[in-house]
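Trainee: Shown below is the structure under consideration.
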Amino acid sequence: MGRLLRLIINSGGLFTFAILELVCLYLIVNHNDGQRAIWIETKTVYGSYLTQKVNEKLAFLDVARENEVLRRENAALLARIPGSEYDTTVDTTSVVDSAFQQRFTYLASRIVNKSPYSPYNTLIIDRGSNLQVERGQGVVTDGGLLGIISEVTPRHARVISILHVDTRISAGLDNNAFGTLRWDGKDPRRVTITDMPDYVPVAPNDTVYTTGYSNVFPSGLPIGIVESSEPLPGTGSQDLTVVLLNDPLTASNGYVVRDLFKEELERLNLVR
Amino acid sequence: MNTAAAINSAVRFVALLIVQVFVFNQVAWGWGGRDYLFVFVYPLFVAMLPLRTPRPVVILLSFLLGLGIDFFSETLGLHAGALVFTAYARPLILQLVQPRDGYNIKAQPTVADLGSSWMLRYLALILIVHLLVFFLLQTFSIFFFTDIVLKTLLSFPASMLVVVILILIFNPKA
């Protein structure tokens, strides 16, 4: 208190003046109607202007928090658009018929992931082991083949596309001659059938079908159309260049083919 | 500050408070429903305080006097605010009207000590400052600048006349 008094005296009256003048202004504003009205008006006009200016200058201080809020909102909104949902409805078709027993069932799936185009194309579909998707099952698409399941997780599966240089699929003509379908990694519209015996007559525009011999695809699914044939001298076989019916690179849907007889047929193959 | 000056100041404090409140606050003249002419005598108290009075004391006393007048005038803070400013400005005014050889240590702000022409200039400056600040606080906005000047121009001669008459009548020595 003594220090305060000394400060007040040493400041040459400025301190006393400032305090008492502020007290007076406070009293004036609080006890005189006209002055109060003017003060409130002034405060409103300049106060809002000042607040606006200060807020403009300080707006960046809030950016981090605002950003966080907006990112959360974005995440919440993104989670609600249809593409972010995992479709749990199961579309399998099987026909109950006493004359024909069901061998293949088809499980509708969407392609959710594709590797960039390369000689080793793979894709991911949104069906997995929860729905009995297994390694080695084939995947067909509208008007053609898509690939073969290679890896399975509970909800997803990886498909090795037929446009993968390691893919081997049994394919044949309607005269039952057959060979191995593979891709040379160059033209995504054309595949090659190797190991086709060279005595089999092949004409351009012959249709190539799956044979069903590998228990991956049902028999008789059209794959493509023969473009040209080239006998390989000394091997007794010929290579067929086949134009695919579909474009596996742009496919968006796939049907996982499940062979209900697969185990039985594999057991037969195990017998020596 | 000697005892006579202290007593004189105390007497002036009470007397000017009563005179201002009960006589000169009743004097107001104007037109169009508004008053433009007021008579203020209480700045005389601040003017007549001994020259060596510490500045905070001057300010504090003027605050009390102004507040006292405000209580009776129902204008709480108005007279006090103006008089506090006047008290704060008093040393500056004293510097402005300083005689060529400065103030004598024992000099009192009276006609006897510093002469009538000095007294007139000093009182005029004190009154002008006080009136300007008072009317500024009364209108409370610089937008009423013409009002402030008009009121000051009308009130200043009247107040000056009354103050000079009071000084001539009582002719205080301290």
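Residues are referred to by chain and number: the chain letter is A, B, ... according to the order shown in the structure tokens, the number counts from 1 in that chain, and ligands are numbered separately from 1 in the order shown.
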Only residues of chain A matter here; which ones have an atom within 9 Å of chain B, counting only C-alpha atoms? Give them as a list of chain:residue names.

Mentor: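 Result, ordered by chain then number: A:Ile8, A:Ile9, A:Ser11, A:Gly12, A:Gly13, A:Leu14, A:Phe15, A:Thr16, A:Phe17, A:Leu20, A:Glu21, A:Leu22, A:Val23, A:Cys24, A:Leu25, A:Tyr26, A:Leu27, A:Ile28, A:Val29, A:Asn30, A:His31, A:Asn32, A:Gly34, A:Gln35, A:Arg36, A:Ile38, A:Trp39.
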
Trainee: Using the chain letters and numbers from this document, which residues of stretch 60-245 of chain A does DSSP assign to alpha helix (DSSP H), as a VMD selection string?

Mentor: chain A and resid 63 to 78

Trainee: Pull N, CA and C atoms from the residues just selected and write them as a PDB file, in the first residue's frame.

Mentor:
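And here's out-v5.pdb as it stands now:
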ATOM      1  N   VAL A  63      -7.129 -21.672 -37.439  1.00  0.00           N
ATOM      2  CA  VAL A  63      -7.168 -22.506 -38.641  1.00  0.00           C
ATOM      3  C   VAL A  63      -6.946 -23.977 -38.313  1.00  0.00           C
ATOM      4  N   ALA A  64      -5.995 -24.263 -37.416  1.00  0.00           N
ATOM      5  CA  ALA A  64      -5.690 -25.663 -37.127  1.00  0.00           C
ATOM      6  C   ALA A  64      -6.929 -26.386 -36.584  1.00  0.00           C
ATOM      7  N   ARG A  65      -7.607 -25.710 -35.634  1.00  0.00           N
ATOM      8  CA  ARG A  65      -8.778 -26.353 -35.055  1.00  0.00           C
ATOM      9  C   ARG A  65      -9.894 -26.479 -36.087  1.00  0.00           C
ATOM     10  N   GLU A  66     -10.091 -25.383 -36.850  1.00  0.00           N
ATOM     11  CA  GLU A  66     -11.109 -25.426 -37.893  1.00  0.00           C
ATOM     12  C   GLU A  66     -10.837 -26.567 -38.869  1.00  0.00           C
ATOM     13  N   ASN A  67      -9.566 -26.694 -39.214  1.00  0.00           N
ATOM     14  CA  ASN A  67      -9.165 -27.722 -40.156  1.00  0.00           C
ATOM     15  C   ASN A  67      -9.501 -29.095 -39.611  1.00  0.00           C
ATOM     16  N   GLU A  68      -9.215 -29.277 -38.322  1.00  0.00           N
ATOM     17  CA  GLU A  68      -9.492 -30.569 -37.694  1.00  0.00           C
ATOM     18  C   GLU A  68     -10.989 -30.866 -37.762  1.00  0.00           C
ATOM     19  N   VAL A  69     -11.788 -29.828 -37.435  1.00  0.00           N
ATOM     20  CA  VAL A  69     -13.236 -30.018 -37.457  1.00  0.00           C
ATOM     21  C   VAL A  69     -13.701 -30.390 -38.852  1.00  0.00           C
ATOM     22  N   LEU A  70     -13.160 -29.661 -39.852  1.00  0.00           N
ATOM     23  CA  LEU A  70     -13.596 -29.919 -41.224  1.00  0.00           C
ATOM     24  C   LEU A  70     -13.159 -31.301 -41.680  1.00  0.00           C
ATOM     25  N   ARG A  71     -11.950 -31.710 -41.266  1.00  0.00           N
ATOM     26  CA  ARG A  71     -11.504 -33.037 -41.678  1.00  0.00           C
ATOM     27  C   ARG A  71     -12.397 -34.123 -41.078  1.00  0.00           C
ATOM     28  N   ARG A  72     -12.780 -33.933 -39.820  1.00  0.00           N
ATOM     29  CA  ARG A  72     -13.686 -34.917 -39.221  1.00  0.00           C
ATOM     30  C   ARG A  72     -15.003 -34.962 -39.969  1.00  0.00           C
ATOM     31  N   GLU A  73     -15.468 -33.739 -40.315  1.00  0.00           N
ATOM     32  CA  GLU A  73     -16.736 -33.709 -41.024  1.00  0.00           C
ATOM     33  C   GLU A  73     -16.616 -34.393 -42.372  1.00  0.00           C
ATOM     34  N   ASN A  74     -15.480 -34.128 -43.058  1.00  0.00           N
ATOM     35  CA  ASN A  74     -15.255 -34.784 -44.346  1.00  0.00           C
ATOM     36  C   ASN A  74     -15.257 -36.291 -44.191  1.00  0.00           C
ATOM     37  N   ALA A  75     -14.553 -36.759 -43.132  1.00  0.00           N
ATOM     38  CA  ALA A  75     -14.492 -38.201 -42.928  1.00  0.00           C
ATOM     39  C   ALA A  75     -15.886 -38.771 -42.704  1.00  0.00           C
ATOM     40  N   ALA A  76     -16.686 -38.029 -41.887  1.00  0.00           N
ATOM     41  CA  ALA A  76     -18.035 -38.527 -41.611  1.00  0.00           C
ATOM     42  C   ALA A  76     -18.874 -38.558 -42.879  1.00  0.00           C
ATOM     43  N   LEU A  77     -18.692 -37.504 -43.729  1.00  0.00           N
ATOM     44  CA  LEU A  77     -19.482 -37.465 -44.963  1.00  0.00           C
ATOM     45  C   LEU A  77     -19.022 -38.533 -45.943  1.00  0.00           C
ATOM     46  N   LEU A  78     -17.686 -38.706 -46.030  1.00  0.00           N
ATOM     47  CA  LEU A  78     -17.183 -39.714 -46.960  1.00  0.00           C
ATOM     48  C   LEU A  78     -17.668 -41.098 -46.560  1.00  0.00           C
TER      49      LEU A  78
END

Trainee: Near A:His156, counting only C-alpha atoms, which residues have an atom at most 7 Å away, once you skip same-chain residues fewer than 6 positions from it, shown as a ChimeraX atom specification?

Mentor: /A:124-128

Trainee: Could you save those same residues with N, CA and C atoms as a PDB file, in the first residue's frame?

Mentor:
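Okay, this is what ended up in part08.pdb:
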ATOM      1  N   ILE A 124      -8.744 -56.564 -56.700  1.00  0.00           N
ATOM      2  CA  ILE A 124      -9.333 -56.978 -55.422  1.00  0.00           C
ATOM      3  C   ILE A 124     -10.844 -56.902 -55.567  1.00  0.00           C
ATOM      4  N   ILE A 125     -11.520 -57.944 -55.114  1.00  0.00           N
ATOM      5  CA  ILE A 125     -12.984 -57.918 -55.094  1.00  0.00           C
ATOM      6  C   ILE A 125     -13.452 -57.929 -53.648  1.00  0.00           C
ATOM      7  N   ASP A 126     -14.699 -57.496 -53.467  1.00  0.00           N
ATOM      8  CA  ASP A 126     -15.186 -57.309 -52.096  1.00  0.00           C
ATOM      9  C   ASP A 126     -15.908 -58.550 -51.572  1.00  0.00           C
ATOM     10  N   ARG A 127     -15.446 -59.709 -51.960  1.00  0.00           N
ATOM     11  CA  ARG A 127     -16.007 -60.923 -51.374  1.00  0.00           C
ATOM     12  C   ARG A 127     -14.849 -61.773 -50.881  1.00  0.00           C
ATOM     13  N   GLY A 128     -15.015 -62.410 -49.717  1.00  0.00           N
ATOM     14  CA  GLY A 128     -13.902 -63.163 -49.166  1.00  0.00           C
ATOM     15  C   GLY A 128     -14.356 -64.471 -48.567  1.00  0.00           C
TER      16      GLY A 128
END

Trainee: Report, in Å with one decimal, the straight-line distance from atom CA of A:Thr192 to atom CA of A:Ala171.

Mentor: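 Computed distance, atom CA of A:Thr192 to atom CA of A:Ala171, equals 10.1 Å.
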
Trainee: Which value, in Å to one decimal, gives the distance between atom CA of B:Val46 and atom CA of B:Gln108?

Mentor: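 About the pair atom CA of B:Val46 and atom CA of B:Gln108: they are 12.5 Å apart.
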
Trainee: Give me, please, the distance in Å between atom CA of A:Gln238 and atom CA of A:Asn269, quoted to one decimal.

Mentor: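 These two atoms are separated by 27.6 Å.
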
Trainee: I'd like the neighbourhood of B:Asn104 as a list in words, where a residue qualifies if any of its atoms comes within 12 Å (using only C-alpha atoms), though same-chain residues fewer than 2 positions away should be ignored.

Mentor: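 Within the cut-off, the hits are Pro50, Leu51, Arg52, Gln98, Pro99, Arg100, Asp101, Gly102, Lys106, Ala107, Gln108, Pro109, Asp113 and Leu114 of chain B.
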
Trainee: Which residues, written as JSON, numbers by chain, have at least one atom at most 7 Å from A:Asp195, with only C-alpha atoms counted and residues fewer than 4 positions away on the same chain left out?

Mentor: {"A": [179, 180, 237, 238, 239]}

Trainee: Using only C-alpha atoms, which of B:Asn171, B:Asn8, B:Ser159, B:Thr110 sits nearest B:Tyr42?

Mentor: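 Among the listed residues, the smallest separation from B:Tyr42 belongs to B:Ser159.
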
Trainee: Between A:Ala79, A:Val226, A:Ala18, A:Leu221, single out the one closest to A:Asn205, counting only C-alpha atoms.

Mentor: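 Ranked by minimum distance to A:Asn205, first place goes to A:Val226.
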
Trainee: Using only C-alpha atoms, which of A:Val216, A:Leu265, A:Val257, A:Ile193 sits nearest A:Ser228?

Mentor: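 Result for the nearest residue to A:Ser228: A:Ile193.
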